[in-house]
Number of protein chains: 2
Amino acid sequence: MKNKISLIGAGSAVFSLNLIRDLCLTPNLAGSTISFMDINQERLDAAYTLCTRYAEEVGIELDLQKTLDRGESLQDADFVINTALAAGHHRLREGLSIARRHGYRVGGSYHIMHDEGFWINFYQLRLFESIVNDILDICPDAWYIQVANPVLAGITYLARKYKEAKIVGLCHGFGGVYHLAQVLGLEREHISFQIPGVNHFVWLTHFYYKGEDALPLVDEWIEKEAPNYWETCRPSGGLGPKAVDLYKRFGVFPIGDTCTPGGGTWPWWYHTDAETEERWKEDPSKWWEIGYFPHLGEEVERIIRVSKDMSVKVTDVFPPRKSGEVMVPLVESIACDIPRVLITNIQNTGDFVPGVPRDFEVEIPTLVSKRGIQGIKTDGLPGALISYILRDRVAPVEVELEAYEKGDRQMLLQLLLMDPWTKSEEQAENLLEDILALPYHEDMRQHYR
Amino acid sequence: MKNKISLIGAGSAVFSLNLIRDLCLTPNLAGSTISFMDINQERLDAAYTLCTRYAEEVGIELDLQKTLDRGESLQDADFVINTALAAGHHRLREGLSIARRHGYRVGGSYHIMHDEGFWINFYQLRLFESIVNDILDICPDAWYIQVANPVLAGITYLARKYKEAKIVGLCHGFGGVYHLAQVLGLEREHISFQIPGVNHFVWLTHFYYKGEDALPLVDEWIEKEAPNYWETCRPSGGLGPKAVDLYKRFGVFPIGDTCTPGGGTWPWWYHTDAETEERWKEDPSKWWEIGYFPHLGEEVERIIRVSKDMSVKVTDVFPPRKSGEVMVPLVESIACDIPRVLITNIQNTGDFVPGVPRDFEVEIPTLVSKRGIQGIKTDGLPGALISYILRDRVAPVEVELEAYEKGDRQMLLQLLLMDPWTKSEEQAENLLEDILALPYHEDMRQHYR
């Protein structure tokens with residue numbers, strides 16, 4: 001089945017490579033056109049060259065194209081995958097460092113001490129909208145597949161505003177359940193699970209191994225093996241003492257980025273001071289500084305190095321193994337009508353996670369096929385976690401989206417007042433002023449009045 | 001139309017007297033039986049005597065009865081009004097003083113530094129349930145009219161659990177709009193308004209005077225007269241600088257106890273320290289200590305004094321003027337089928353305030369008649385205020401009700417962790433322990449495990 005996939009932000013080579021690897025292993029999609037689009041020529045070239053060599057080595061027929069022009073990339077597209085980060089990581093880090101000076105800490109701070117800081121999300125939301133508008137103009141039947149963050153705010157906003165567009169968000173966070181299975185020594189292909197929630201706040205409510213309840217195995221691991229595991233595991237890890245403590249409190253296990261720095265390091269009370277963090281083996285800065293930024297940097301560097309080194313076989317460096325990302329299976333399911341249950345992010349129209357507003361994003365199992373994406377009603381989450389979704393995700397995101405939609409500075413201030421580390425209005429106001437005063441935030445200054 | 005009204009907690013003489021005054025001025029209800037019930041003989045006798053003399057002086061035929069036995073009072077009742085406070089004010093004050101020692105402040109603290117503290121609500125919820133259970137046994141067709149706090153948590157809980165009961169909550173908070181009218185110099189009978197929300201969090205979204213938009217008059221008052229008014233007004237008043245500032249931020253005016261100590265002194269950021277409070281002319285302790293407790297005490301004392309002094313005419317001391325309370329008009333509307341629009345507290349089944357969960361309490365205009373109580377769909381509230389309802393009212397109340405329903409101490413701790421003044425888990429845990437350790441909280445200790 002020949003399709004055209006437009007990849008926006010293709011210079012983020014990790015995503016491009018994963019996409020190509022998965023496509024190479026999906027014969028159904030042979031013959032498809034992949035249009036790489038980025039605004040950075042050098043990164044675009046690197047990703048394009050690498051992926052072209054990869055496809056050649058594997059011997060799959062794919063029509064790879066590259067362009068700096070988004071309109072050209074969208075022409076005749078059937079799927080538009082957005083992985084782009086409008087404002088680079090240096091802006092994120094500068095904002096974080098200013099916030100730290102104003103007394104902010106990591107820990108349940110979703111819109112300040114997190115990579116979804118309001119000064120990142122503003123540009124992301126604007127980018128999302130402009131892509132969807134272009135799609136509606138140029139290729140109105142195409143699916144818009146949003147991989148870029150913020151998935152939660154983005155899907156909530158876009159699904160409400162662009163009802164005529166086909167919109168879905170993807171996040172690999174649920175894959176944390178495979179990590180849990182691996183640590184427990186369970187074979188991946190024999191587990192089944194339910195992990196409902198909203199993006200970056202999903203919880204394992206049902207877990208089976210070979211048809212038997214596997215939660216007792218989790219309990220056993222916690223009792224017998226976790227302490228040893230914690231001796232050597234990564235700080236702020238998804239199976240660390242904090243995750244286990246949350247499981248004991250709420251009865252369901254936090255998965256993926258639910259309680260790690262990648263998802264906002266929820267909740268605040270494990271992070272009140274250095275001593276408390278140490279007790280819980282939490283070190284969010286280390287997670288970012290050691291585990292995330294350099295990893296990303298290294299990977300990008302490695303990709304650029306390999307793309308320029310014609311003496312190596314790309315497939316030797318990056319073996320053709322499926323990435324586990326949902327992008328290509330989703331495209332295949334829709335394009336070739338192969339119905340599959342995939343975890344995606346859509347609007348909660350069918351009360352799929354009871355208690356989350358119906359016009360808000362949820363991350364749930366969905367049936368994906370030629371018919372599109374159909375939500376599956378889950379058994380939901382314990383009441384307290386729904387309350388936390390309303391309190392820590394729905395309320396601030398609604399305020400952020402209202403601020404964005406109306407260009408309302410007061411609402412942006414309200415967003416900051418909802419942060420768990422805001423101790424006075426003055427503190428929030430000063431942070432807002434300092435961020436908006438950065439020279440490169442001229443657009444954001446103009447927007448929020 | 002002869003009816004039987006059972007008044008639970010009739011020893012709270014202020015309510016009893018208001019009820020009798022309003023009944024005396026409602027000829028339609030002449031001949032009705034009023035059963036005063038309380039567990040305190042002395043207070044019951046005082047209220048009964050006073051009200052008997054009042055009815056005689058006015059010359060209305062009412063069959064006044066008194067009893068210490070709730071079952072007797074409920075026998076054949078058509079309406080059951082609950083005004084009772086299960087745990088006395090001294091318990092509230094002891095809890096508040098412990099919380100203060102643990103670093104808690106007034107300001108958006110709905111379940112700690114407020115008269116709806118969790119150690120008050122526990123006994124209230126238990127009382128509410130036991131009354132409703134008795135009603136379902138003894139007089140299943142009777143209306144349960146809850147005037148006692150917490151109205152929000154109580155109505156939410158009861159309406160979900162006792163679907164076969166007729167349940168409604170009443171609060172006079174909306175009457176703050178008449179105070180606003182009075183300060184603006186507007187005649188009460190010529191204003192109309194819409195004030196949607198949840199109990200103790202209601203906002204004036206529409207305000208007309210003689211058919212014209214009256215919000216410009218509010219704006220004019222703020223600009224020209226408010227500063228003078230603030231020179232002499234009560235601290236933490238409903239028309240103080242804080243209320244006006246909230247109006248400027250959100251575009252709708254907080255009414256009644258929405259931002260005053262009576263409703264939890266929402267939000268926190270006007271109360272971060274003494275200097276900030278002074279800037280906003282806020283002094284919640286003074287509001288309670290000068291304006292509330294002594295007022296209540298004085299009123300009770302005056303009622304007891306008058307009830308014992310046969311030389312005075314009761315109607316001279318308490319002139320026969322309608323109280324403005326909704327209780328008697330509501331009873332009359334239902335009993336005599338006089339359809340009226342009254343502000344009541346019911347479940348949001350019809351999405352009357354869009355964005356509030358449909359199984360949660362709302363305070364809205366309702367059509368009251370023989371048919372019962374029918375919600376009127378309002379135009380709702382600005383998005384940011386709905387977000388605050390989800391964040392500060394729905395989320396913690398859901399956690400409180402789950403804790404109560406399951407007797408779950410961990411959920412009670414979660415409730416405390418949601419308080420804006422909780423700075424560490426240890427602080428919340430210590431407070432919880434100290435409150436539960438009070439000798440008279442044996443029942444609560446047993447309940448929360």
# chains A, B, ... in the order shown; residues from 1 in each chain; ligands from 1
$ interface_residues --of "chain A" --to "chain B" --cutoff "7 Å" --atoms "only C-alpha atoms" --output "MDAnalysis selection string"
chainID A and resid 249 269 272 384 387:388 390:391 395 398:399 410 424:425
$ residues_around --residues "stretch 360-368 of chain A" --least-positions-apart "6" --cutoff "7 Å" --atoms "only C-alpha atoms" --output "list in words"
Leu152, Ile155, Thr156, Pro196, Gly197, Val198, Asn199, Leu330, Ser333, Ile334, Pro339, Arg340, Val341, Leu342, Ile343, Thr344, Asn345, Ile346, Gln347, Asn348, Gln374, Gly375 and Ile376 of chain A
$ closest_residue --among "A:Gly173, A:Asp78, A:Ile191, A:Ala226" --to "A:Tyr144" --atoms "only C-alpha atoms"
A:Asp78
$ select_by_dssp --residues "stretch 58-300 of chain A" --states "alpha helix (DSSP H)" --output "VMD selection string"
chain A and resid 58 70 to 74 89 to 101 118 to 138 151 to 161 176 to 184 215 to 224 226 to 232 241 to 250 274 to 279 284 to 286 293 to 300
$ atom_distance --atom1 "atom CA of A:Ala214" --atom2 "atom CA of A:Leu239"
15.8 Å
$ closest_residue --among "A:Val151, A:Leu74, A:Cys259, A:Ile39" --to "A:Lys4" --atoms "only C-alpha atoms"
A:Leu74
$ select_by_dssp --residues "stretch 180-270 of chain B" --states "strand (DSSP E or B)" --output "list of chain:residue names"
B:Ile191, B:Ser192, B:Phe193, B:Gln194, B:Gly197, B:Val198, B:Phe201, B:Val202, B:Trp203, B:Leu204, B:His206, B:Phe207, B:Tyr208, B:Tyr209, B:Glu212, B:Asp213, B:Phe253, B:Pro254, B:Ile255
$ atom_distance --atom1 "atom CA of A:Phe193" --atom2 "atom CA of A:Phe174"
10.0 Å
$ residues_around --residues "B:Thr315" --least-positions-apart "5" --cutoff "9 Å" --atoms "only C-alpha atoms" --output "list in words"
Arg53, Tyr54, Glu57, Val58 and Pro320 of chain B
$ write_last_selection --atoms "all heavy atoms" --output "PDB file, in the first residue's frame"
ATOM      1  N   ARG B  53     -43.886  31.493  72.213  1.00  0.00           N
ATOM      2  CA  ARG B  53     -44.363  32.843  72.533  1.00  0.00           C
ATOM      3  C   ARG B  53     -44.467  33.694  71.267  1.00  0.00           C
ATOM      4  O   ARG B  53     -45.401  34.473  71.099  1.00  0.00           O
ATOM      5  CB  ARG B  53     -43.423  33.505  73.550  1.00  0.00           C
ATOM      6  CG  ARG B  53     -43.572  32.921  74.953  1.00  0.00           C
ATOM      7  CD  ARG B  53     -42.478  33.387  75.889  1.00  0.00           C
ATOM      8  NE  ARG B  53     -42.409  34.842  75.970  1.00  0.00           N
ATOM      9  CZ  ARG B  53     -41.343  35.515  76.416  1.00  0.00           C
ATOM     10  NH1 ARG B  53     -40.256  34.848  76.812  1.00  0.00           N
ATOM     11  NH2 ARG B  53     -41.347  36.829  76.456  1.00  0.00           N
ATOM     12  N   TYR B  54     -43.498  33.511  70.376  1.00  0.00           N
ATOM     13  CA  TYR B  54     -43.491  34.304  69.140  1.00  0.00           C
ATOM     14  C   TYR B  54     -44.749  34.043  68.316  1.00  0.00           C
ATOM     15  O   TYR B  54     -45.425  34.964  67.872  1.00  0.00           O
ATOM     16  CB  TYR B  54     -42.236  33.950  68.314  1.00  0.00           C
ATOM     17  CG  TYR B  54     -41.831  35.047  67.361  1.00  0.00           C
ATOM     18  CD1 TYR B  54     -40.861  35.981  67.723  1.00  0.00           C
ATOM     19  CD2 TYR B  54     -42.433  35.179  66.104  1.00  0.00           C
ATOM     20  CE1 TYR B  54     -40.497  36.995  66.857  1.00  0.00           C
ATOM     21  CE2 TYR B  54     -42.075  36.194  65.232  1.00  0.00           C
ATOM     22  CZ  TYR B  54     -41.101  37.100  65.606  1.00  0.00           C
ATOM     23  OH  TYR B  54     -40.752  38.116  64.769  1.00  0.00           O
ATOM     24  N   GLU B  57     -47.809  35.551  69.981  1.00  0.00           N
ATOM     25  CA  GLU B  57     -47.876  37.008  69.832  1.00  0.00           C
ATOM     26  C   GLU B  57     -48.338  37.403  68.440  1.00  0.00           C
ATOM     27  O   GLU B  57     -49.120  38.343  68.264  1.00  0.00           O
ATOM     28  CB  GLU B  57     -46.509  37.640  70.121  1.00  0.00           C
ATOM     29  CG  GLU B  57     -46.154  37.620  71.607  1.00  0.00           C
ATOM     30  CD  GLU B  57     -44.772  38.226  71.872  1.00  0.00           C
ATOM     31  OE1 GLU B  57     -44.322  39.058  71.070  1.00  0.00           O
ATOM     32  OE2 GLU B  57     -44.150  37.850  72.885  1.00  0.00           O
ATOM     33  N   VAL B  58     -47.846  36.691  67.445  1.00  0.00           N
ATOM     34  CA  VAL B  58     -48.225  37.016  66.069  1.00  0.00           C
ATOM     35  C   VAL B  58     -49.650  36.529  65.784  1.00  0.00           C
ATOM     36  O   VAL B  58     -50.334  37.056  64.914  1.00  0.00           O
ATOM     37  CB  VAL B  58     -47.212  36.405  65.074  1.00  0.00           C
ATOM     38  CG1 VAL B  58     -47.667  36.598  63.640  1.00  0.00           C
ATOM     39  CG2 VAL B  58     -45.835  37.016  65.267  1.00  0.00           C
ATOM     40  N   PRO B 320     -41.237  40.916  63.469  1.00  0.00           N
ATOM     41  CA  PRO B 320     -41.662  39.951  62.448  1.00  0.00           C
ATOM     42  C   PRO B 320     -41.322  40.447  61.042  1.00  0.00           C
ATOM     43  O   PRO B 320     -42.117  41.147  60.416  1.00  0.00           O
ATOM     44  CB  PRO B 320     -43.171  39.819  62.657  1.00  0.00           C
ATOM     45  CG  PRO B 320     -43.573  40.986  63.494  1.00  0.00           C
ATOM     46  CD  PRO B 320     -42.369  41.581  64.131  1.00  0.00           C
TER      47      PRO B 320
END
$ residues_around --residues "B:Asp115" --least-positions-apart "4" --cutoff "8 Å" --atoms "only C-alpha atoms" --output "list in words"
Leu92, Ile120, Gly262 and Gly264 of chain B
$ write_last_selection --atoms "N, CA and C atoms" --output "compact mmCIF listing (two decimals), in the first residue's frame"
# COMPACT_ATOMS: atom_id res chain seq x y z
N LEU B 92 -13.78 22.60 66.98
CA LEU B 92 -13.25 23.30 65.81
C LEU B 92 -12.04 24.12 66.21
N ILE B 120 -14.26 18.12 61.71
CA ILE B 120 -15.65 18.53 61.89
C ILE B 120 -16.52 17.76 60.90
N GLY B 262 -15.85 32.72 55.96
CA GLY B 262 -16.99 31.81 56.05
C GLY B 262 -16.96 30.72 55.01
N GLY B 264 -13.90 29.63 53.57
CA GLY B 264 -12.57 29.03 53.45
C GLY B 264 -11.50 30.01 53.02
